[in-house]
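Source file: protein17.cif (mmCIF, N, CA and C atoms)
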```cif
data_start
loop_
_atom_site.group_PDB
_atom_site.id
_atom_site.type_symbol
_atom_site.label_atom_id
_atom_site.label_comp_id
_atom_site.auth_asym_id
_atom_site.auth_seq_id
_atom_site.Cartn_x
_atom_site.Cartn_y
_atom_site.Cartn_z
ATOM 1 N N MET A 1083 0.819 -1.194 0.000
ATOM 2 C CA MET A 1083 0.000 0.000 0.000
ATOM 3 C C MET A 1083 0.864 1.259 0.000
ATOM 4 N N LYS A 1084 2.045 1.215 0.593
ATOM 5 C CA LYS A 1084 2.926 2.374 0.611
ATOM 6 C C LYS A 1084 3.378 2.756 -0.793
ATOM 7 N N ILE A 1085 3.668 1.758 -1.630
ATOM 8 C CA ILE A 1085 4.092 2.042 -2.998
ATOM 9 C C ILE A 1085 2.971 2.739 -3.750
ATOM 10 N N TRP A 1086 1.757 2.322 -3.531
ATOM 11 C CA TRP A 1086 0.600 2.941 -4.178
ATOM 12 C C TRP A 1086 0.505 4.415 -3.804
ATOM 13 N N MET A 1087 0.747 4.749 -2.524
ATOM 14 C CA MET A 1087 0.688 6.136 -2.081
ATOM 15 C C MET A 1087 1.814 6.954 -2.694
ATOM 16 N N VAL A 1088 2.982 6.370 -2.844
ATOM 17 C CA VAL A 1088 4.107 7.083 -3.442
ATOM 18 C C VAL A 1088 3.816 7.388 -4.902
ATOM 19 N N ILE A 1089 3.206 6.448 -5.608
ATOM 20 C CA ILE A 1089 2.862 6.679 -7.018
ATOM 21 C C ILE A 1089 1.853 7.819 -7.132
ATOM 22 N N ILE A 1090 0.877 7.857 -6.258
ATOM 23 C CA ILE A 1090 -0.103 8.940 -6.284
ATOM 24 C C ILE A 1090 0.583 10.273 -5.977
ATOM 25 N N MET A 1091 1.503 10.293 -5.032
ATOM 26 C CA MET A 1091 2.193 11.518 -4.671
ATOM 27 C C MET A 1091 3.039 12.025 -5.838
ATOM 28 N N ILE A 1092 3.652 11.119 -6.585
ATOM 29 C CA ILE A 1092 4.457 11.522 -7.732
ATOM 30 C C ILE A 1092 3.557 12.127 -8.808
ATOM 31 N N GLU A 1093 2.416 11.556 -9.048
ATOM 32 C CA GLU A 1093 1.508 12.062 -10.065
ATOM 33 C C GLU A 1093 0.868 13.381 -9.647
ATOM 34 N N LYS A 1094 0.674 13.583 -8.367
ATOM 35 C CA LYS A 1094 -0.032 14.755 -7.866
ATOM 36 C C LYS A 1094 0.821 16.015 -7.885
ATOM 37 N N LYS A 1095 2.147 15.903 -7.784
ATOM 38 C CA LYS A 1095 3.084 17.025 -7.788
ATOM 39 C C LYS A 1095 2.742 18.042 -6.711
ATOM 40 N N ILE A 1096 3.088 17.736 -5.484
ATOM 41 C CA ILE A 1096 2.842 18.615 -4.356
ATOM 42 C C ILE A 1096 4.116 19.379 -4.040
ATOM 43 N N LEU A 1097 3.968 20.663 -3.797
ATOM 44 C CA LEU A 1097 5.092 21.502 -3.419
ATOM 45 C C LEU A 1097 5.313 21.385 -1.918
ATOM 46 N N TYR A 1098 6.526 21.062 -1.517
ATOM 47 C CA TYR A 1098 6.844 20.854 -0.115
ATOM 48 C C TYR A 1098 8.244 21.356 0.180
ATOM 49 N N LYS A 1099 8.572 21.446 1.483
ATOM 50 C CA LYS A 1099 9.925 21.781 1.915
ATOM 51 C C LYS A 1099 10.699 20.486 2.097
ATOM 52 N N ASP A 1100 11.888 20.435 1.540
ATOM 53 C CA ASP A 1100 12.744 19.266 1.704
ATOM 54 C C ASP A 1100 13.774 19.587 2.786
ATOM 55 N N VAL A 1101 13.447 19.208 4.010
ATOM 56 C CA VAL A 1101 14.304 19.565 5.141
ATOM 57 C C VAL A 1101 15.600 18.771 5.175
ATOM 58 N N SER A 1102 15.684 17.690 4.437
ATOM 59 C CA SER A 1102 16.922 16.907 4.427
ATOM 60 C C SER A 1102 18.015 17.586 3.601
ATOM 61 N N ARG A 1103 17.636 18.442 2.659
ATOM 62 C CA ARG A 1103 18.613 19.151 1.816
ATOM 63 C C ARG A 1103 18.550 20.659 2.026
ATOM 64 N N ARG A 1104 18.137 21.086 3.173
ATOM 65 C CA ARG A 1104 17.935 22.509 3.406
ATOM 66 C C ARG A 1104 19.232 23.243 3.713
ATOM 67 N N LYS A 1105 19.227 24.519 3.386
ATOM 68 C CA LYS A 1105 20.256 25.439 3.830
ATOM 69 C C LYS A 1105 19.663 26.373 4.878
ATOM 70 N N ILE A 1106 18.444 26.849 4.636
ATOM 71 C CA ILE A 1106 17.740 27.666 5.624
ATOM 72 C C ILE A 1106 16.509 26.909 6.112
ATOM 73 N N SER A 1107 15.532 26.725 5.225
ATOM 74 C CA SER A 1107 14.331 26.002 5.652
ATOM 75 C C SER A 1107 13.904 24.896 4.685
ATOM 76 N N GLY A 1108 14.537 24.784 3.537
ATOM 77 C CA GLY A 1108 14.227 23.718 2.599
ATOM 78 C C GLY A 1108 13.261 24.103 1.497
ATOM 79 N N VAL A 1109 12.887 25.370 1.417
ATOM 80 C CA VAL A 1109 11.926 25.811 0.407
ATOM 81 C C VAL A 1109 12.500 25.630 -0.996
ATOM 82 N N LEU A 1110 13.716 26.079 -1.220
ATOM 83 C CA LEU A 1110 14.299 25.992 -2.556
ATOM 84 C C LEU A 1110 14.614 24.556 -2.948
ATOM 85 N N ALA A 1111 14.971 23.716 -1.989
ATOM 86 C CA ALA A 1111 15.197 22.298 -2.285
ATOM 87 C C ALA A 1111 13.883 21.625 -2.681
ATOM 88 N N GLY A 1112 12.800 21.958 -1.995
ATOM 89 C CA GLY A 1112 11.497 21.417 -2.369
ATOM 90 C C GLY A 1112 11.025 21.923 -3.714
ATOM 91 N N PHE A 1113 11.301 23.200 -4.000
ATOM 92 C CA PHE A 1113 10.930 23.757 -5.297
ATOM 93 C C PHE A 1113 11.724 23.100 -6.422
ATOM 94 N N SER A 1114 12.996 22.794 -6.177
ATOM 95 C CA SER A 1114 13.788 22.117 -7.205
ATOM 96 C C SER A 1114 13.265 20.699 -7.464
ATOM 97 N N ASP A 1115 12.769 20.026 -6.419
ATOM 98 C CA ASP A 1115 12.130 18.725 -6.618
ATOM 99 C C ASP A 1115 10.854 18.862 -7.439
ATOM 100 N N TYR A 1116 10.106 19.921 -7.180
ATOM 101 C CA TYR A 1116 8.835 20.131 -7.863
ATOM 102 C C TYR A 1116 9.027 20.331 -9.368
ATOM 103 N N ILE A 1117 10.070 21.083 -9.747
ATOM 104 C CA ILE A 1117 10.293 21.339 -11.175
ATOM 105 C C ILE A 1117 11.346 20.422 -11.782
ATOM 106 N N ASN A 1118 11.844 19.458 -10.985
ATOM 107 C CA ASN A 1118 12.894 18.530 -11.428
ATOM 108 C C ASN A 1118 14.144 19.269 -11.895
ATOM 109 N N GLY A 1119 14.546 20.271 -11.133
ATOM 110 C CA GLY A 1119 15.722 21.058 -11.474
ATOM 111 C C GLY A 1119 16.845 20.848 -10.482
ATOM 112 N N ASP A 1120 17.962 21.476 -10.777
ATOM 113 C CA ASP A 1120 19.133 21.403 -9.910
ATOM 114 C C ASP A 1120 18.983 22.404 -8.772
ATOM 115 N N VAL A 1121 19.159 21.941 -7.546
ATOM 116 C CA VAL A 1121 18.947 22.798 -6.381
ATOM 117 C C VAL A 1121 19.973 23.929 -6.341
ATOM 118 N N THR A 1122 21.189 23.692 -6.797
ATOM 119 C CA THR A 1122 22.205 24.740 -6.803
ATOM 120 C C THR A 1122 21.834 25.848 -7.772
ATOM 121 N N LEU A 1123 21.333 25.490 -8.934
ATOM 122 C CA LEU A 1123 20.901 26.490 -9.911
ATOM 123 C C LEU A 1123 19.725 27.307 -9.369
ATOM 124 N N ILE A 1124 18.789 26.664 -8.708
ATOM 125 C CA ILE A 1124 17.648 27.359 -8.119
ATOM 126 C C ILE A 1124 18.126 28.342 -7.051
ATOM 127 N N ARG A 1125 19.086 27.929 -6.234
ATOM 128 C CA ARG A 1125 19.611 28.812 -5.186
ATOM 129 C C ARG A 1125 20.337 30.014 -5.773
ATOM 130 N N VAL A 1126 21.116 29.797 -6.831
ATOM 131 C CA VAL A 1126 21.821 30.912 -7.476
ATOM 132 C C VAL A 1126 20.817 31.879 -8.099
ATOM 133 N N LEU A 1127 19.788 31.353 -8.751
ATOM 134 C CA LEU A 1127 18.756 32.220 -9.333
ATOM 135 C C LEU A 1127 18.013 33.002 -8.254
ATOM 136 N N PHE A 1128 17.766 32.377 -7.124
ATOM 137 C CA PHE A 1128 17.107 33.076 -6.024
ATOM 138 C C PHE A 1128 17.986 34.203 -5.492
ATOM 139 N N ILE A 1129 19.271 33.962 -5.371
ATOM 140 C CA ILE A 1129 20.178 35.019 -4.907
ATOM 141 C C ILE A 1129 20.205 36.176 -5.896
ATOM 142 N N LEU A 1130 20.256 35.872 -7.183
ATOM 143 C CA LEU A 1130 20.245 36.929 -8.196
ATOM 144 C C LEU A 1130 18.936 37.722 -8.170
ATOM 145 N N LEU A 1131 17.818 37.029 -8.012
ATOM 146 C CA LEU A 1131 16.538 37.727 -7.909
ATOM 147 C C LEU A 1131 16.459 38.565 -6.638
ATOM 148 N N SER A 1132 17.051 38.082 -5.569
ATOM 149 C CA SER A 1132 17.044 38.835 -4.317
ATOM 150 C C SER A 1132 17.881 40.103 -4.425
ATOM 151 N N ILE A 1133 18.955 40.044 -5.187
ATOM 152 C CA ILE A 1133 19.770 41.239 -5.401
ATOM 153 C C ILE A 1133 19.035 42.232 -6.286
ATOM 154 N N ALA A 1134 18.357 41.738 -7.312
ATOM 155 C CA ALA A 1134 17.670 42.621 -8.260
ATOM 156 C C ALA A 1134 16.401 43.240 -7.668
ATOM 157 N N PHE A 1135 15.612 42.446 -6.985
ATOM 158 C CA PHE A 1135 14.329 42.907 -6.426
ATOM 159 C C PHE A 1135 14.367 42.699 -4.911
ATOM 160 N N VAL A 1136 15.084 43.548 -4.220
ATOM 161 C CA VAL A 1136 15.516 43.312 -2.839
ATOM 162 C C VAL A 1136 14.458 42.714 -1.911
ATOM 163 N N PRO A 1137 13.353 43.323 -1.581
ATOM 164 C CA PRO A 1137 12.533 42.715 -0.525
ATOM 165 C C PRO A 1137 11.592 41.605 -1.002
ATOM 166 N N ILE A 1138 11.197 41.623 -2.251
ATOM 167 C CA ILE A 1138 10.114 40.748 -2.719
ATOM 168 C C ILE A 1138 10.456 39.259 -2.644
ATOM 169 N N PRO A 1139 11.568 38.760 -3.213
ATOM 170 C CA PRO A 1139 11.844 37.319 -3.120
ATOM 171 C C PRO A 1139 12.074 36.834 -1.688
ATOM 172 N N ILE A 1140 12.642 37.661 -0.869
ATOM 173 C CA ILE A 1140 12.905 37.267 0.518
ATOM 174 C C ILE A 1140 11.602 37.143 1.296
ATOM 175 N N ILE A 1141 10.680 38.057 1.077
ATOM 176 C CA ILE A 1141 9.369 37.984 1.730
ATOM 177 C C ILE A 1141 8.610 36.749 1.258
ATOM 178 N N ILE A 1142 8.634 36.480 -0.039
ATOM 179 C CA ILE A 1142 7.960 35.302 -0.588
ATOM 180 C C ILE A 1142 8.574 34.018 -0.027
ATOM 181 N N TYR A 1143 9.897 34.003 0.119
ATOM 182 C CA TYR A 1143 10.576 32.829 0.678
ATOM 183 C C TYR A 1143 10.095 32.533 2.090
ATOM 184 N N PHE A 1144 10.034 33.553 2.938
ATOM 185 C CA PHE A 1144 9.634 33.316 4.319
ATOM 186 C C PHE A 1144 8.146 32.988 4.449
ATOM 187 N N ILE A 1145 7.318 33.509 3.558
ATOM 188 C CA ILE A 1145 5.904 33.108 3.541
ATOM 189 C C ILE A 1145 5.795 31.628 3.159
ATOM 190 N N CYS A 1146 6.565 31.208 2.147
ATOM 191 C CA CYS A 1146 6.561 29.799 1.747
ATOM 192 C C CYS A 1146 7.089 28.909 2.861
ATOM 193 N N ALA A 1147 8.084 29.378 3.599
ATOM 194 C CA ALA A 1147 8.632 28.584 4.701
ATOM 195 C C ALA A 1147 7.592 28.358 5.787
ATOM 196 N N LEU A 1148 6.708 29.309 5.969
ATOM 197 C CA LEU A 1148 5.656 29.158 6.973
ATOM 198 C C LEU A 1148 4.494 28.312 6.485
ATOM 199 N N VAL A 1149 4.183 28.379 5.198
ATOM 200 C CA VAL A 1149 2.970 27.755 4.659
ATOM 201 C C VAL A 1149 3.209 26.336 4.134
ATOM 202 N N MET A 1150 4.340 26.091 3.509
ATOM 203 C CA MET A 1150 4.586 24.803 2.860
ATOM 204 C C MET A 1150 4.798 23.689 3.884
ATOM 205 N N PRO A 1151 4.230 22.511 3.629
ATOM 206 C CA PRO A 1151 4.444 21.373 4.550
ATOM 207 C C PRO A 1151 5.812 20.740 4.316
ATOM 208 N N ASP A 1152 6.295 20.021 5.312
ATOM 209 C CA ASP A 1152 7.545 19.278 5.178
ATOM 210 C C ASP A 1152 7.317 18.017 4.352
ATOM 211 N N LYS A 1153 8.375 17.535 3.721
ATOM 212 C CA LYS A 1153 8.288 16.336 2.888
ATOM 213 C C LYS A 1153 7.863 15.121 3.700
ATOM 214 N N HIS A 1154 8.430 14.945 4.889
ATOM 215 C CA HIS A 1154 8.080 13.771 5.686
ATOM 216 C C HIS A 1154 6.642 13.834 6.192
ATOM 217 N N ASP A 1155 6.079 15.030 6.375
ATOM 218 C CA ASP A 1155 4.674 15.151 6.770
ATOM 219 C C ASP A 1155 3.743 14.691 5.652
ATOM 220 N N ILE A 1156 4.096 14.986 4.425
ATOM 221 C CA ILE A 1156 3.260 14.591 3.281
ATOM 222 C C ILE A 1156 3.249 13.080 3.115
ATOM 223 N N PHE A 1157 4.425 12.449 3.227
ATOM 224 C CA PHE A 1157 4.481 11.009 3.026
ATOM 225 C C PHE A 1157 3.944 10.241 4.227
ATOM 226 N N ASN A 1158 3.929 10.850 5.407
ATOM 227 C CA ASN A 1158 3.361 10.179 6.579
ATOM 228 C C ASN A 1158 1.844 10.331 6.656
ATOM 229 N N ASN A 1159 1.295 11.434 6.139
ATOM 230 C CA ASN A 1159 -0.155 11.695 6.162
ATOM 231 C C ASN A 1159 -0.633 12.077 4.770
ATOM 232 N N PRO A 1160 -0.655 11.160 3.808
ATOM 233 C CA PRO A 1160 -0.991 11.523 2.423
ATOM 234 C C PRO A 1160 -2.452 11.940 2.236
ATOM 235 N N ASN A 1161 -3.344 11.567 3.128
ATOM 236 C CA ASN A 1161 -4.750 11.906 2.951
ATOM 237 C C ASN A 1161 -5.036 13.369 3.242
ATOM 238 N N GLN A 1162 -4.140 14.062 3.922
ATOM 239 C CA GLN A 1162 -4.340 15.469 4.219
ATOM 240 C C GLN A 1162 -4.075 16.355 3.013
ATOM 241 N N TYR A 1163 -3.271 15.877 2.063
ATOM 242 C CA TYR A 1163 -2.850 16.715 0.960
ATOM 243 C C TYR A 1163 -3.400 16.203 -0.287
#
```

For the structure just supplied, provide its representation as structure tokens.
Amino acid sequence: MKIWMVIIMIEKKILYKDVSRRKISGVLAGFSDYINGDVTLIRVLFILLSIAFVPIPIIIYFICALVMPDKHDIFNNPNQY
């Protein structure tokens, strides 16, 4: 039954924080999983956006850190998401 839940989670594409690969809170690591991208490239792009548009990306990051669920919470309670 666990494999069945993992297959559904892969098809559903849920945005989550990946706390196992975090530098601050895991938002960018979870976003890189969501788009199947490289986490280092996502982090560099975030830094560049933060330099260009000073407060906006940082505010969005901390809002996502508060709102997004952790990866282990999603796989432990799949019926909530």

What gap, in Å, lies between CA of Ser1114 in chain A and CA of Ile1141 in chain A?
-> 18.7 Å

Could you pull the residues within 7 Å of Phe1113 in chain A, counting only N, CA and C atoms, minus those fewer than 5 positions along the same chain, as a PDB file with N, CA and C atoms, in the coordinates of the input?
```pdb
ATOM      1  N   LEU A1097       3.968  20.663  -3.797  1.00  0.00           N
ATOM      2  CA  LEU A1097       5.092  21.502  -3.419  1.00  0.00           C
ATOM      3  C   LEU A1097       5.313  21.385  -1.918  1.00  0.00           C
ATOM      4  N   TYR A1098       6.526  21.062  -1.517  1.00  0.00           N
ATOM      5  CA  TYR A1098       6.844  20.854  -0.115  1.00  0.00           C
ATOM      6  C   TYR A1098       8.244  21.356   0.180  1.00  0.00           C
ATOM      7  N   LYS A1099       8.572  21.446   1.483  1.00  0.00           N
ATOM      8  CA  LYS A1099       9.925  21.781   1.915  1.00  0.00           C
ATOM      9  C   LYS A1099      10.699  20.486   2.097  1.00  0.00           C
ATOM     10  N   ASP A1100      11.888  20.435   1.540  1.00  0.00           N
ATOM     11  CA  ASP A1100      12.744  19.266   1.704  1.00  0.00           C
ATOM     12  C   ASP A1100      13.774  19.587   2.786  1.00  0.00           C
ATOM     13  N   GLY A1108      14.537  24.784   3.537  1.00  0.00           N
ATOM     14  CA  GLY A1108      14.227  23.718   2.599  1.00  0.00           C
ATOM     15  C   GLY A1108      13.261  24.103   1.497  1.00  0.00           C
ATOM     16  N   ASN A1118      11.844  19.458 -10.985  1.00  0.00           N
ATOM     17  CA  ASN A1118      12.894  18.530 -11.428  1.00  0.00           C
ATOM     18  C   ASN A1118      14.144  19.269 -11.895  1.00  0.00           C
ATOM     19  N   GLY A1119      14.546  20.271 -11.133  1.00  0.00           N
ATOM     20  CA  GLY A1119      15.722  21.058 -11.474  1.00  0.00           C
ATOM     21  C   GLY A1119      16.845  20.848 -10.482  1.00  0.00           C
TER      22      GLY A1119
END
```

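Distance-wise, atom C of Ile1124 in chain A and atom N of Met1150 in chain A end up 17.5 Å apart.
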
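The interatomic distance for the pair CA of Val1136 in chain A and CA of Lys1153 in chain A works out to 28.5 Å.
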
Once you add 6 Å to each side, what are the centre and edge lengths of the axis-aligned box holding all listed atoms of range 1108-1112 of chain A? One decimal in Å, as AutoDock Vina command-line options, if you can.
```
--center_x 13.1 --center_y 23.7 --center_z -0.1 --size_x 16.2 --size_y 16.7 --size_z 19.3
```

Near range 1126-1131 of chain A, within 9 Å and counting only C-alpha atoms, which residues show up once chain neighbours fewer than 5 positions away are dropped, as a list of chain:residue names?
->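 Returned residues: A:Leu1110, A:Val1121, A:Val1136, A:Ile1138, A:Pro1139, A:Ile1140.
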